[in-house]
$ cat protein25.cif   # mmCIF, C-alpha atoms
data_run
loop_
_atom_site.label_atom_id
_atom_site.label_comp_id
_atom_site.auth_asym_id
_atom_site.auth_seq_id
_atom_site.Cartn_x
_atom_site.Cartn_y
_atom_site.Cartn_z
CA MET A 1 -54.64 -1.21 -19.92
CA VAL A 2 -56.68 -3.37 -17.50
CA TRP A 3 -55.73 -4.66 -14.06
CA VAL A 4 -57.53 -6.37 -11.22
CA THR A 5 -57.00 -6.64 -7.48
CA ILE A 6 -57.71 -10.13 -6.12
CA PRO A 7 -59.07 -10.21 -2.55
CA ASP A 8 -59.00 -13.38 -0.47
CA VAL A 9 -62.76 -13.64 -0.13
CA SER A 10 -64.42 -16.14 -2.48
CA LEU A 11 -64.14 -19.70 -3.76
CA ASP A 12 -65.78 -18.48 -6.97
CA LEU A 13 -62.44 -16.87 -7.73
CA ARG A 14 -61.21 -20.20 -9.12
CA THR A 15 -63.81 -20.40 -11.86
CA TYR A 16 -63.70 -16.68 -12.53
CA LEU A 17 -59.94 -16.62 -13.05
CA GLN A 18 -59.93 -19.69 -15.26
CA GLN A 19 -62.47 -18.08 -17.54
CA ASN A 20 -61.30 -14.47 -17.44
CA VAL A 21 -57.61 -14.21 -16.58
CA LYS A 22 -56.77 -13.80 -20.28
CA TYR A 23 -58.55 -10.44 -20.26
CA PHE A 24 -56.28 -8.93 -17.60
CA ASP A 25 -52.92 -7.28 -18.04
CA ILE A 26 -51.78 -7.62 -14.43
CA VAL A 27 -53.10 -9.31 -11.28
CA HIS A 28 -52.60 -8.05 -7.72
CA ILE A 29 -52.89 -10.74 -5.02
CA HIS A 30 -53.42 -9.74 -1.39
CA GLY A 31 -52.41 -12.09 1.41
CA LEU A 32 -50.35 -15.25 1.66
CA GLY A 33 -51.20 -18.68 3.04
CA HIS A 34 -54.71 -19.04 1.58
CA HIS A 35 -56.04 -21.11 -1.29
CA PRO A 36 -57.59 -18.33 -3.42
CA GLY A 37 -54.26 -16.50 -3.57
CA ARG A 38 -52.36 -19.67 -4.38
CA TYR A 39 -54.79 -20.53 -7.16
CA ALA A 40 -54.72 -17.00 -8.53
CA ALA A 41 -50.92 -17.16 -8.70
CA ALA A 42 -50.96 -20.53 -10.48
CA VAL A 43 -53.59 -19.54 -13.07
CA THR A 44 -51.95 -16.19 -13.70
CA ARG A 45 -48.53 -17.80 -14.10
CA GLN A 46 -49.88 -20.33 -16.59
CA ALA A 47 -51.34 -17.46 -18.62
CA LYS A 48 -47.94 -15.67 -18.53
CA ILE A 49 -49.50 -12.61 -16.93
CA PRO A 50 -47.48 -10.75 -14.27
CA TYR A 51 -48.76 -10.64 -10.73
CA ILE A 52 -47.91 -8.58 -7.68
CA LEU A 53 -48.09 -10.03 -4.19
CA THR A 54 -48.92 -7.96 -1.11
CA PRO A 55 -48.08 -10.30 1.81
CA HIS A 56 -49.58 -8.11 4.56
CA GLY A 57 -46.85 -8.98 7.05
CA GLN A 58 -46.80 -12.72 6.33
CA LEU A 59 -43.16 -12.65 5.19
CA GLU A 60 -41.84 -11.43 8.53
CA PRO A 61 -40.20 -13.74 11.09
CA GLY A 62 -42.42 -14.70 14.00
CA ILE A 63 -45.76 -13.86 12.37
CA SER A 64 -48.31 -16.45 13.45
CA THR A 65 -51.09 -17.75 11.25
CA THR A 66 -54.21 -19.82 11.79
CA GLY A 67 -53.30 -23.49 12.01
CA GLY A 68 -49.99 -23.14 13.81
CA ARG A 69 -46.33 -23.06 12.92
CA LEU A 70 -46.10 -26.64 11.61
CA LEU A 71 -48.95 -26.19 9.16
CA LYS A 72 -47.50 -22.87 8.04
CA THR A 73 -44.12 -24.52 7.40
CA VAL A 74 -45.69 -27.34 5.38
CA ASN A 75 -47.75 -24.92 3.33
CA TRP A 76 -44.70 -22.76 2.74
CA PHE A 77 -42.79 -25.60 1.10
CA LEU A 78 -45.80 -26.99 -0.76
CA HIS A 79 -47.45 -23.78 -1.94
CA ASP A 80 -46.51 -20.36 -0.65
CA SER A 81 -42.81 -20.29 -1.49
CA SER A 82 -43.77 -20.73 -5.13
CA VAL A 83 -46.33 -17.91 -4.91
CA VAL A 84 -43.62 -15.61 -3.57
CA ARG A 85 -40.84 -16.76 -5.89
CA HIS A 86 -42.81 -16.20 -9.10
CA ALA A 87 -44.23 -12.78 -8.20
CA SER A 88 -43.24 -9.97 -10.54
CA ALA A 89 -42.97 -7.72 -7.48
CA LEU A 90 -43.59 -7.83 -3.74
CA HIS A 91 -45.61 -4.91 -2.45
CA TYR A 92 -45.01 -3.95 1.19
CA LEU A 93 -47.01 -1.42 3.18
CA THR A 94 -44.10 0.12 5.10
CA VAL A 95 -40.32 0.35 4.87
CA SER A 96 -40.04 -1.69 8.06
CA GLU A 97 -42.05 -4.55 6.58
CA ALA A 98 -39.73 -4.62 3.57
CA LYS A 99 -36.62 -4.60 5.76
CA ASN A 100 -37.90 -7.49 7.88
CA SER A 101 -39.08 -9.67 5.02
CA PHE A 102 -37.40 -13.05 4.52
CA ALA A 103 -38.36 -13.10 0.82
CA PRO A 104 -35.60 -13.80 -1.73
CA ALA A 105 -33.46 -10.70 -2.18
CA ASN A 106 -33.54 -10.90 -5.98
CA LEU A 107 -37.27 -10.13 -6.17
CA LYS A 108 -38.46 -6.62 -6.92
CA GLN A 109 -39.62 -5.03 -3.68
CA ILE A 110 -41.93 -2.03 -3.50
CA VAL A 111 -43.23 0.12 -0.64
CA ILE A 112 -46.64 1.73 -1.04
CA GLY A 113 -48.68 2.38 2.09
CA ASN A 114 -52.33 1.81 2.82
CA GLY A 115 -54.37 4.94 3.09
CA ILE A 116 -57.48 6.80 4.07
CA SER A 117 -59.53 9.30 2.14
CA SER A 118 -57.89 12.70 1.81
CA ALA A 119 -61.38 14.18 2.26
CA LEU A 120 -61.41 12.78 5.82
CA CYS A 121 -58.11 14.48 6.54
CA GLU A 122 -59.49 17.77 5.31
CA ASN A 123 -62.85 17.57 7.10
CA LEU A 124 -62.12 16.37 10.60
CA PRO A 125 -64.68 16.95 13.37
CA VAL A 126 -64.16 19.95 15.60
CA ARG A 127 -62.23 19.04 18.74
CA GLY A 128 -64.36 18.95 21.86
CA SER A 129 -67.67 17.47 20.71
CA TRP A 130 -67.07 13.94 22.05
CA ARG A 131 -65.62 15.28 25.30
CA SER A 132 -68.78 17.31 25.73
CA GLU A 133 -70.91 14.18 25.36
CA ILE A 134 -68.99 12.31 28.08
CA LYS A 135 -68.42 15.29 30.39
CA SER A 136 -69.97 13.47 33.34
CA THR A 137 -67.37 10.71 32.92
CA LEU A 138 -64.49 13.09 32.34
CA GLY A 139 -65.14 15.48 35.17
CA ASN A 140 -62.33 17.75 34.06
CA PRO A 141 -63.13 18.44 30.37
CA ASP A 142 -59.45 19.06 29.62
CA ARG A 143 -58.04 15.91 31.17
CA PRO A 144 -55.53 14.10 28.93
CA LEU A 145 -56.83 11.12 26.97
CA ALA A 146 -54.69 8.24 25.71
CA ILE A 147 -56.50 6.04 23.21
CA PHE A 148 -56.16 2.51 21.90
CA SER A 149 -58.28 1.74 18.86
CA GLY A 150 -58.48 -1.58 17.07
CA ARG A 151 -59.33 -5.22 17.45
CA ILE A 152 -58.62 -6.12 21.09
CA GLU A 153 -56.51 -9.27 20.80
CA PRO A 154 -53.57 -10.72 22.76
CA HIS A 155 -50.98 -9.71 20.15
CA GLN A 156 -51.93 -6.04 20.58
CA GLY A 157 -50.10 -6.04 23.91
CA LEU A 158 -52.54 -4.36 26.28
CA GLU A 159 -51.99 -7.10 28.85
CA ARG A 160 -48.30 -6.22 29.09
CA LEU A 161 -48.93 -2.47 29.23
CA LEU A 162 -51.65 -2.27 31.87
CA PRO A 163 -49.46 -3.37 34.84
CA HIS A 164 -47.19 -0.40 34.05
CA TRP A 165 -50.03 2.13 33.81
CA PRO A 166 -49.95 3.00 37.55
CA ALA A 167 -46.47 4.51 37.03
CA LEU A 168 -48.00 6.91 34.51
CA LEU A 169 -50.85 7.70 36.89
CA ARG A 170 -48.38 8.73 39.57
CA GLU A 171 -47.15 11.45 37.18
CA HIS A 172 -50.55 12.22 35.63
CA PRO A 173 -53.34 11.08 37.94
CA ASP A 174 -55.92 12.69 35.68
CA ILE A 175 -55.04 10.76 32.49
CA LEU A 176 -57.81 8.54 31.11
CA LEU A 177 -57.18 5.50 28.91
CA VAL A 178 -59.87 5.03 26.25
CA LEU A 179 -60.12 1.50 24.87
CA VAL A 180 -61.95 1.42 21.54
CA GLY A 181 -62.71 -1.92 19.93
CA SER A 182 -64.10 -5.37 20.51
CA GLY A 183 -62.55 -8.76 21.17
CA GLU A 184 -63.18 -12.30 22.34
CA LYS A 185 -64.73 -12.56 25.80
CA PRO A 186 -61.91 -14.61 27.41
CA HIS A 187 -59.35 -11.96 26.47
CA ILE A 188 -61.59 -9.07 27.56
CA ASP A 189 -62.13 -10.88 30.87
CA ALA A 190 -58.37 -11.31 31.30
CA LEU A 191 -57.81 -7.60 30.69
CA ASN A 192 -60.55 -6.69 33.17
CA ALA A 193 -58.85 -8.90 35.75
CA ILE A 194 -55.61 -6.95 35.27
CA ILE A 195 -57.52 -3.68 35.51
CA ALA A 196 -59.05 -4.82 38.81
CA GLU A 197 -55.72 -6.11 40.16
CA TYR A 198 -54.03 -2.74 39.61
CA SER A 199 -57.08 -0.64 40.62
CA LEU A 200 -57.33 0.97 37.20
CA GLY A 201 -61.11 0.88 36.89
CA GLY A 202 -61.53 4.62 37.49
CA HIS A 203 -58.86 5.46 34.94
CA ILE A 204 -60.07 3.44 31.94
CA ILE A 205 -63.22 3.50 29.84
CA TRP A 206 -64.35 0.91 27.33
CA THR A 207 -66.32 2.23 24.37
CA GLY A 208 -66.73 -0.98 22.39
CA GLU A 209 -66.33 -0.84 18.65
CA LEU A 210 -66.82 2.61 17.10
CA THR A 211 -67.28 3.44 13.44
CA GLY A 212 -67.85 6.42 11.21
CA LEU A 213 -68.16 9.90 12.64
CA VAL A 214 -68.27 8.73 16.26
CA LYS A 215 -64.88 7.07 15.90
CA TRP A 216 -63.36 10.19 14.34
CA ARG A 217 -64.80 12.46 17.04
CA THR A 218 -63.26 10.18 19.66
CA LEU A 219 -59.85 10.25 17.95
CA VAL A 220 -59.84 14.01 17.46
CA ASP A 221 -60.67 14.56 21.13
CA SER A 222 -57.84 12.31 22.35
CA ASP A 223 -54.24 13.35 22.94
CA VAL A 224 -52.04 10.30 22.35
CA PHE A 225 -52.57 7.06 20.44
CA ILE A 226 -50.99 3.92 21.89
CA LEU A 227 -50.25 0.50 20.41
CA PRO A 228 -48.00 -1.73 22.58
CA ALA A 229 -48.22 -4.67 20.17
CA HIS A 230 -46.20 -7.88 20.26
CA GLN A 231 -46.67 -8.14 16.52
CA ALA A 232 -48.81 -6.35 13.99
CA ASP A 233 -49.13 -5.71 10.33
CA THR A 234 -49.45 -2.06 9.45
CA SER A 235 -52.49 -1.09 11.46
CA SER A 236 -54.93 1.23 9.74
CA ALA A 237 -55.72 2.49 13.25
CA ILE A 238 -52.25 4.07 13.39
CA ILE A 239 -52.86 5.92 10.14
CA GLU A 240 -56.30 7.08 11.29
CA ALA A 241 -54.90 8.32 14.58
CA MET A 242 -52.17 10.34 12.86
CA ALA A 243 -54.70 11.75 10.40
CA ALA A 244 -56.73 12.92 13.41
CA GLY A 245 -53.68 14.78 14.71
CA LEU A 246 -52.48 12.36 17.37
CA PRO A 247 -48.84 11.66 18.16
CA VAL A 248 -48.45 7.89 18.42
CA VAL A 249 -46.51 5.72 20.85
CA LEU A 250 -45.79 2.33 19.30
CA THR A 251 -43.60 -0.69 19.84
CA ARG A 252 -41.06 -1.55 17.15
CA GLU A 253 -43.14 -4.66 16.44
CA CYS A 254 -45.79 -2.42 14.87
CA HIS A 255 -43.48 -2.10 11.85
CA PHE A 256 -44.06 1.59 11.23
CA ASP A 257 -40.57 3.12 11.16
CA GLU A 258 -41.89 6.12 9.21
CA VAL A 259 -43.36 7.42 12.49
CA GLU A 260 -39.87 7.77 13.90
CA GLU A 261 -38.30 9.07 10.70
CA HIS A 262 -40.88 11.85 10.41
CA HIS A 263 -40.98 12.67 14.15
CA ALA A 264 -44.66 11.83 14.29
CA GLY A 265 -44.42 9.83 17.49
CA VAL A 266 -42.23 7.55 19.56
CA ILE A 267 -41.21 3.95 18.87
CA ILE A 268 -40.28 1.78 21.85
CA GLU A 269 -37.67 -0.96 21.55
CA HIS A 270 -37.70 -4.49 22.98
CA GLY A 271 -41.21 -4.27 24.41
CA ASP A 272 -40.02 -1.97 27.20
CA MET A 273 -43.28 -0.94 28.84
CA ASP A 274 -41.56 1.32 31.38
CA ALA A 275 -40.18 3.31 28.46
CA PHE A 276 -43.61 3.16 26.83
CA VAL A 277 -45.39 4.90 29.70
CA ARG A 278 -42.55 7.41 30.03
CA ALA A 279 -43.05 8.36 26.37
CA VAL A 280 -46.77 8.87 26.96
CA SER A 281 -45.96 10.97 30.02
CA GLU A 282 -43.58 13.20 28.10
CA LEU A 283 -46.11 13.85 25.35
CA VAL A 284 -48.77 14.73 27.91
CA SER A 285 -46.36 16.99 29.80
CA ASN A 286 -44.69 18.79 26.92
CA ARG A 287 -47.24 20.49 24.69
CA GLU A 288 -44.52 21.87 22.44
CA ILE A 289 -43.33 18.36 21.53
CA TRP A 290 -46.94 17.16 21.37
CA ASN A 291 -47.94 19.90 18.96
CA SER A 292 -44.90 19.36 16.74
CA MET A 293 -45.52 15.62 16.52
CA ARG A 294 -49.23 15.99 15.83
CA GLN A 295 -48.48 18.32 12.90
CA ASN A 296 -45.84 15.92 11.59
CA ALA A 297 -48.27 13.02 11.91
CA GLN A 298 -50.89 14.76 9.81
CA LYS A 299 -48.31 15.77 7.19
CA LEU A 300 -47.05 12.19 6.94
CA VAL A 301 -50.54 10.83 6.31
CA GLN A 302 -51.37 13.52 3.78
CA SER A 303 -48.17 12.91 1.79
CA ASP A 304 -47.89 9.11 1.91
CA PHE A 305 -50.98 7.47 3.37
CA THR A 306 -54.07 8.69 1.53
CA TRP A 307 -55.87 6.49 -0.96
CA GLU A 308 -55.18 9.08 -3.62
CA ALA A 309 -51.43 8.94 -3.01
CA SER A 310 -51.45 5.14 -2.86
CA ALA A 311 -53.51 4.80 -6.05
CA GLU A 312 -51.17 7.09 -7.98
CA LYS A 313 -48.14 5.07 -6.85
CA LEU A 314 -49.80 1.75 -7.66
CA GLU A 315 -50.67 2.95 -11.14
CA ARG A 316 -47.04 3.87 -11.77
CA LEU A 317 -45.95 0.46 -10.47
CA TYR A 318 -48.37 -1.37 -12.77
CA GLU A 319 -47.24 0.65 -15.77
CA SER A 320 -43.55 0.03 -15.09
CA LEU A 321 -44.10 -3.73 -14.85
CA LEU A 322 -46.19 -3.87 -18.01
CA LEU A 323 -43.81 -1.68 -19.99
CA HIS A 324 -40.71 -3.41 -18.55
CA THR A 325 -39.24 -0.11 -17.39
CA ASP A 326 -37.38 0.64 -14.17
CA ILE A 327 -39.45 0.84 -10.99
CA PRO A 328 -39.75 4.52 -9.96
CA LEU A 329 -37.20 5.25 -7.25
CA ASP A 330 -39.76 6.67 -4.83
CA LEU A 331 -41.48 3.27 -4.71
CA LEU A 332 -38.36 1.35 -3.66
CA PRO A 333 -37.39 0.66 -0.04
CA PRO A 334 -34.20 2.56 0.89
CA ARG A 335 -31.99 -0.53 0.72
CA ASP A 336 -32.92 -1.04 -2.95
CA ILE A 337 -32.10 2.48 -4.11
CA PRO A 338 -28.77 2.44 -6.00
#

$ encode --input "protein25.cif" --output "structure tokens"
Amino acid sequence: MVWVTIPDVSLDLRTYLQQNVKYFDIVHIHGLGHHPGRYAAAVTRQAKIPYILTPHGQLEPGISTTGGRLLKTVNWFLHDSSVVRHASALHYLTVSEAKNSFAPANLKQIVIGNGISSALCENLPVRGSWRSEIKSTLGNPDRPLAIFSGRIEPHQGLERLLPHWPALLREHPDILLVLVGSGEKPHIDALNAIIAEYSLGGHIIWTGELTGLVKWRTLVDSDVFILPAHQADTSSAIIEAMAAGLPVVLTRECHFDEVEEHHAGVIIEHGDMDAFVRAVSELVSNREIWNSMRQNAQKLVQSDFTWEASAEKLERLYESLLLHTDIPLDLLPPRDIP
């Protein structure tokens, strides 16, 4: 058996697929709303080869795409609805994404999460090394650290959280917010203006983008991961934070209901930033809850969100589609289980 995963990266995909699609047993298309994926679906369909579509959040109401809502609507009717309708299965990254999808209900729907290497989970840096490096900034080496990690963009919601941060500081004046990532200068400037307006400069540090071991040392040395997003696909930063042993505080818009189901963190409804900072406060205050959630977070990643676990599930999905057998029950979202 042979299969191929099609990334949305190259115009050469057109020629390659025309010449080689006949050699594949199954095609896996990632992303929706882009020409390479549309062409891959058309060529694959013509060759009568099954394909799986992973929409990466693009089948959820309210998700914005480059070009605006009108262009997205036009492309949906001209191209993307056909890509979705003819897929042999839709592959979602979380249960929440599947529940929120507006795809036709008669399509096969699968949930298999993204992952990280299990070796990373088993070989985390020792806690304390990054804190030691920034001890002059920390002052108190044991002060609580809340961390945001990811691309710093408006939809990530920092601008709506920061005005509520002073309420957390009244309860925990020693807490430090660590902002990891990069973004466009106008948005960074807007965030810095909010930080200045609410006198938060002494309570926040910017690290810029971190990668590799430095990023993992920073995560391990933090206490709580935050993501107050307006909208998000399933952020790999959430998975990395849980793997590092961090309870997470997320908005419902992050589409990661498994966090709540496995007691690995707190999910905040309706963008309530007062509730958001209260959740952070409780985790910082109650080490028993914090420790329980951090253990649950690591267990959740190890069971469902390693590359090894994801690859094994994908292989079973491919085999079931090629052999025309029932999809394994553990790959179905709860609403599809009979």

$ resolve_selection --input "protein25.cif" --expression "the PyMOL selection byres ((chain A and resi 95) around 8)" --output "short mmCIF file (atom, residue, chain, number, x, y, z; two decimals) with C-alpha atoms, in the coordinates of the input"
data_model
loop_
_atom_site.label_atom_id
_atom_site.label_comp_id
_atom_site.auth_asym_id
_atom_site.auth_seq_id
_atom_site.Cartn_x
_atom_site.Cartn_y
_atom_site.Cartn_z
CA TYR A 92 -45.01 -3.95 1.19
CA LEU A 93 -47.01 -1.42 3.18
CA THR A 94 -44.10 0.12 5.10
CA SER A 96 -40.04 -1.69 8.06
CA GLU A 97 -42.05 -4.55 6.58
CA ALA A 98 -39.73 -4.62 3.57
CA LYS A 99 -36.62 -4.60 5.76
CA VAL A 111 -43.23 0.12 -0.64
CA PHE A 256 -44.06 1.59 11.23
CA ASP A 257 -40.57 3.12 11.16
CA GLU A 258 -41.89 6.12 9.21
CA PRO A 333 -37.39 0.66 -0.04
CA PRO A 334 -34.20 2.56 0.89
#

$ closest_residue --input "protein25.cif" --among "A:Asp221, A:Glu240, A:Glu122, A:Glu261" --to "A:Ser149" --atoms "all atoms listed in the file"
A:Glu240

$ residues_around --input "protein25.cif" --residues "A:Leu200" --least-positions-apart "5" --cutoff "12 Å" --atoms "all atoms listed in the file" --output "PyMOL selection string"
chain A and resi 162-169+173-178+191-195+205

$ closest_atom_pairs --input "protein25.cif" --of "stretch 225-270 of chain A" --to "stretch 299-303 of chain A" --cutoff "12 Å" --atoms "all atoms listed in the file" --output "JSON lines"
{"residue": "A:Ser236", "atom": "CA", "partner": "A:Val301", "partner_atom": "CA", "distance": 11.1}
{"residue": "A:Ile238", "atom": "CA", "partner": "A:Val301", "partner_atom": "CA", "distance": 9.9}
{"residue": "A:Ile239", "atom": "CA", "partner": "A:Val301", "partner_atom": "CA", "distance": 6.6}
{"residue": "A:Glu240", "atom": "CA", "partner": "A:Val301", "partner_atom": "CA", "distance": 8.5}
{"residue": "A:Ala241", "atom": "CA", "partner": "A:Val301", "partner_atom": "CA", "distance": 9.7}
{"residue": "A:Met242", "atom": "CA", "partner": "A:Val301", "partner_atom": "CA", "distance": 6.8}
{"residue": "A:Ala243", "atom": "CA", "partner": "A:Val301", "partner_atom": "CA", "distance": 5.9}
{"residue": "A:Ala244", "atom": "CA", "partner": "A:Val301", "partner_atom": "CA", "distance": 9.6}
{"residue": "A:Gly245", "atom": "CA", "partner": "A:Lys299", "partner_atom": "CA", "distance": 9.3}
{"residue": "A:Leu246", "atom": "CA", "partner": "A:Val301", "partner_atom": "CA", "distance": 11.3}
{"residue": "A:Pro247", "atom": "CA", "partner": "A:Leu300", "partner_atom": "CA", "distance": 11.4}
{"residue": "A:Phe256", "atom": "CA", "partner": "A:Leu300", "partner_atom": "CA", "distance": 11.8}
{"residue": "A:Asp257", "atom": "CA", "partner": "A:Leu300", "partner_atom": "CA", "distance": 11.9}
{"residue": "A:Glu258", "atom": "CA", "partner": "A:Leu300", "partner_atom": "CA", "distance": 8.3}
{"residue": "A:Val259", "atom": "CA", "partner": "A:Leu300", "partner_atom": "CA", "distance": 8.2}
{"residue": "A:Glu260", "atom": "CA", "partner": "A:Leu300", "partner_atom": "CA", "distance": 10.9}
{"residue": "A:Glu261", "atom": "CA", "partner": "A:Leu300", "partner_atom": "CA", "distance": 10.0}
{"residue": "A:His262", "atom": "CA", "partner": "A:Leu300", "partner_atom": "CA", "distance": 7.1}
{"residue": "A:His263", "atom": "CA", "partner": "A:Leu300", "partner_atom": "CA", "distance": 9.4}
{"residue": "A:Ala264", "atom": "CA", "partner": "A:Leu300", "partner_atom": "CA", "distance": 7.7}
{"residue": "A:Gly265", "atom": "CA", "partner": "A:Leu300", "partner_atom": "CA", "distance": 11.1}

$ residues_near_point --input "protein25.cif" --point "(-53.0, -12.5, -5.8)" --cutoff "6 Å" --atoms "only C-alpha atoms" --output "list in words"
Ile6, His28, Ile29, His30, Gly37, Ala40, Ala41 and Leu53 of chain A

$ closest_residue --input "protein25.cif" --among "A:Thr251, A:Asn114, A:Ser101, A:Asn20" --to "A:Ser310" --atoms "only C-alpha atoms"
A:Asn114

$ atom_distance --input "protein25.cif" --atom1 "atom CA of A:Trp76" --atom2 "atom CA of A:Leu32"
9.5 Å

$ resolve_selection --input "protein25.cif" --expression "the PyMOL selection byres ((chain A and resi 211) around 12)" --output "JSON, numbers by chain"
{"A": [149, 150, 180, 181, 182, 207, 208, 209, 210, 212, 213, 214, 215, 216, 217, 218, 219, 237, 240]}

$ axis_aligned_box --input "protein25.cif" --around "stretch 209-221 of chain A" --padding-each-side "5 Å" --output "JSON"
{"center_x": -64.1, "center_y": 6.9, "center_z": 16.2, "size_x": 18.4, "size_y": 25.4, "size_z": 19.9}

$ closest_residue --input "protein25.cif" --among "A:Asn296, A:Leu17, A:Asp223, A:Arg151" --to "A:Leu283" --atoms "all atoms listed in the file"
A:Asp223

$ resolve_selection --input "protein25.cif" --expression "the PyMOL selection byres ((chain A and resi 231) around 7)" --output "list in words"
His155, Gln156, Ala229, His230, Ala232, Glu253 and Cys254 of chain A

$ atom_distance --input "protein25.cif" --atom1 "atom CA of A:Ile147" --atom2 "atom CA of A:Phe225"
4.9 Å

$ build_atoms --input "protein25.cif" --residues "stretch 249-264 of chain A" --atoms "N, CA and C atoms" --output "PDB file, in the coordinates of the input"
ATOM      1  N   VAL A 249     -47.545   6.452  20.134  1.00  0.00           N
ATOM      2  CA  VAL A 249     -46.510   5.720  20.850  1.00  0.00           C
ATOM      3  C   VAL A 249     -46.700   4.253  20.490  1.00  0.00           C
ATOM      4  N   LEU A 250     -45.698   3.673  19.833  1.00  0.00           N
ATOM      5  CA  LEU A 250     -45.790   2.330  19.300  1.00  0.00           C
ATOM      6  C   LEU A 250     -44.604   1.502  19.758  1.00  0.00           C
ATOM      7  N   THR A 251     -44.744   0.195  19.706  1.00  0.00           N
ATOM      8  CA  THR A 251     -43.600  -0.690  19.840  1.00  0.00           C
ATOM      9  C   THR A 251     -42.997  -0.914  18.455  1.00  0.00           C
ATOM     10  N   ARG A 252     -41.730  -1.292  18.426  1.00  0.00           N
ATOM     11  CA  ARG A 252     -41.060  -1.550  17.150  1.00  0.00           C
ATOM     12  C   ARG A 252     -41.777  -2.639  16.369  1.00  0.00           C
ATOM     13  N   GLU A 253     -42.446  -3.551  17.097  1.00  0.00           N
ATOM     14  CA  GLU A 253     -43.140  -4.660  16.440  1.00  0.00           C
ATOM     15  C   GLU A 253     -44.321  -4.195  15.583  1.00  0.00           C
ATOM     16  N   CYS A 254     -44.713  -2.947  15.710  1.00  0.00           N
ATOM     17  CA  CYS A 254     -45.790  -2.420  14.870  1.00  0.00           C
ATOM     18  C   CYS A 254     -45.343  -2.169  13.436  1.00  0.00           C
ATOM     19  N   HIS A 255     -44.029  -2.206  13.205  1.00  0.00           N
ATOM     20  CA  HIS A 255     -43.480  -2.100  11.850  1.00  0.00           C
ATOM     21  C   HIS A 255     -43.912  -0.812  11.156  1.00  0.00           C
ATOM     22  N   PHE A 256     -43.678   0.304  11.834  1.00  0.00           N
ATOM     23  CA  PHE A 256     -44.060   1.590  11.230  1.00  0.00           C
ATOM     24  C   PHE A 256     -42.931   2.582  11.498  1.00  0.00           C
ATOM     25  N   ASP A 257     -41.752   2.290  10.912  1.00  0.00           N
ATOM     26  CA  ASP A 257     -40.570   3.120  11.160  1.00  0.00           C
ATOM     27  C   ASP A 257     -40.751   4.556  10.684  1.00  0.00           C
ATOM     28  N   GLU A 258     -41.670   4.772   9.723  1.00  0.00           N
ATOM     29  CA  GLU A 258     -41.890   6.120   9.210  1.00  0.00           C
ATOM     30  C   GLU A 258     -42.304   7.088  10.312  1.00  0.00           C
ATOM     31  N   VAL A 259     -42.963   6.581  11.343  1.00  0.00           N
ATOM     32  CA  VAL A 259     -43.360   7.420  12.490  1.00  0.00           C
ATOM     33  C   VAL A 259     -42.128   8.063  13.117  1.00  0.00           C
ATOM     34  N   GLU A 260     -41.099   7.281  13.304  1.00  0.00           N
ATOM     35  CA  GLU A 260     -39.870   7.770  13.900  1.00  0.00           C
ATOM     36  C   GLU A 260     -39.122   8.695  12.951  1.00  0.00           C
ATOM     37  N   GLU A 261     -39.047   8.293  11.693  1.00  0.00           N
ATOM     38  CA  GLU A 261     -38.300   9.070  10.700  1.00  0.00           C
ATOM     39  C   GLU A 261     -38.895  10.461  10.499  1.00  0.00           C
ATOM     40  N   HIS A 262     -40.205  10.566  10.635  1.00  0.00           N
ATOM     41  CA  HIS A 262     -40.880  11.850  10.410  1.00  0.00           C
ATOM     42  C   HIS A 262     -41.244  12.548  11.715  1.00  0.00           C
ATOM     43  N   HIS A 263     -40.739  12.051  12.837  1.00  0.00           N
ATOM     44  CA  HIS A 263     -40.980  12.670  14.150  1.00  0.00           C
ATOM     45  C   HIS A 263     -42.470  12.852  14.410  1.00  0.00           C
ATOM     46  N   ALA A 264     -43.213  11.787  14.091  1.00  0.00           N
ATOM     47  CA  ALA A 264     -44.660  11.830  14.290  1.00  0.00           C
ATOM     48  C   ALA A 264     -45.089  11.069  15.540  1.00  0.00           C
TER      49      ALA A 264
END
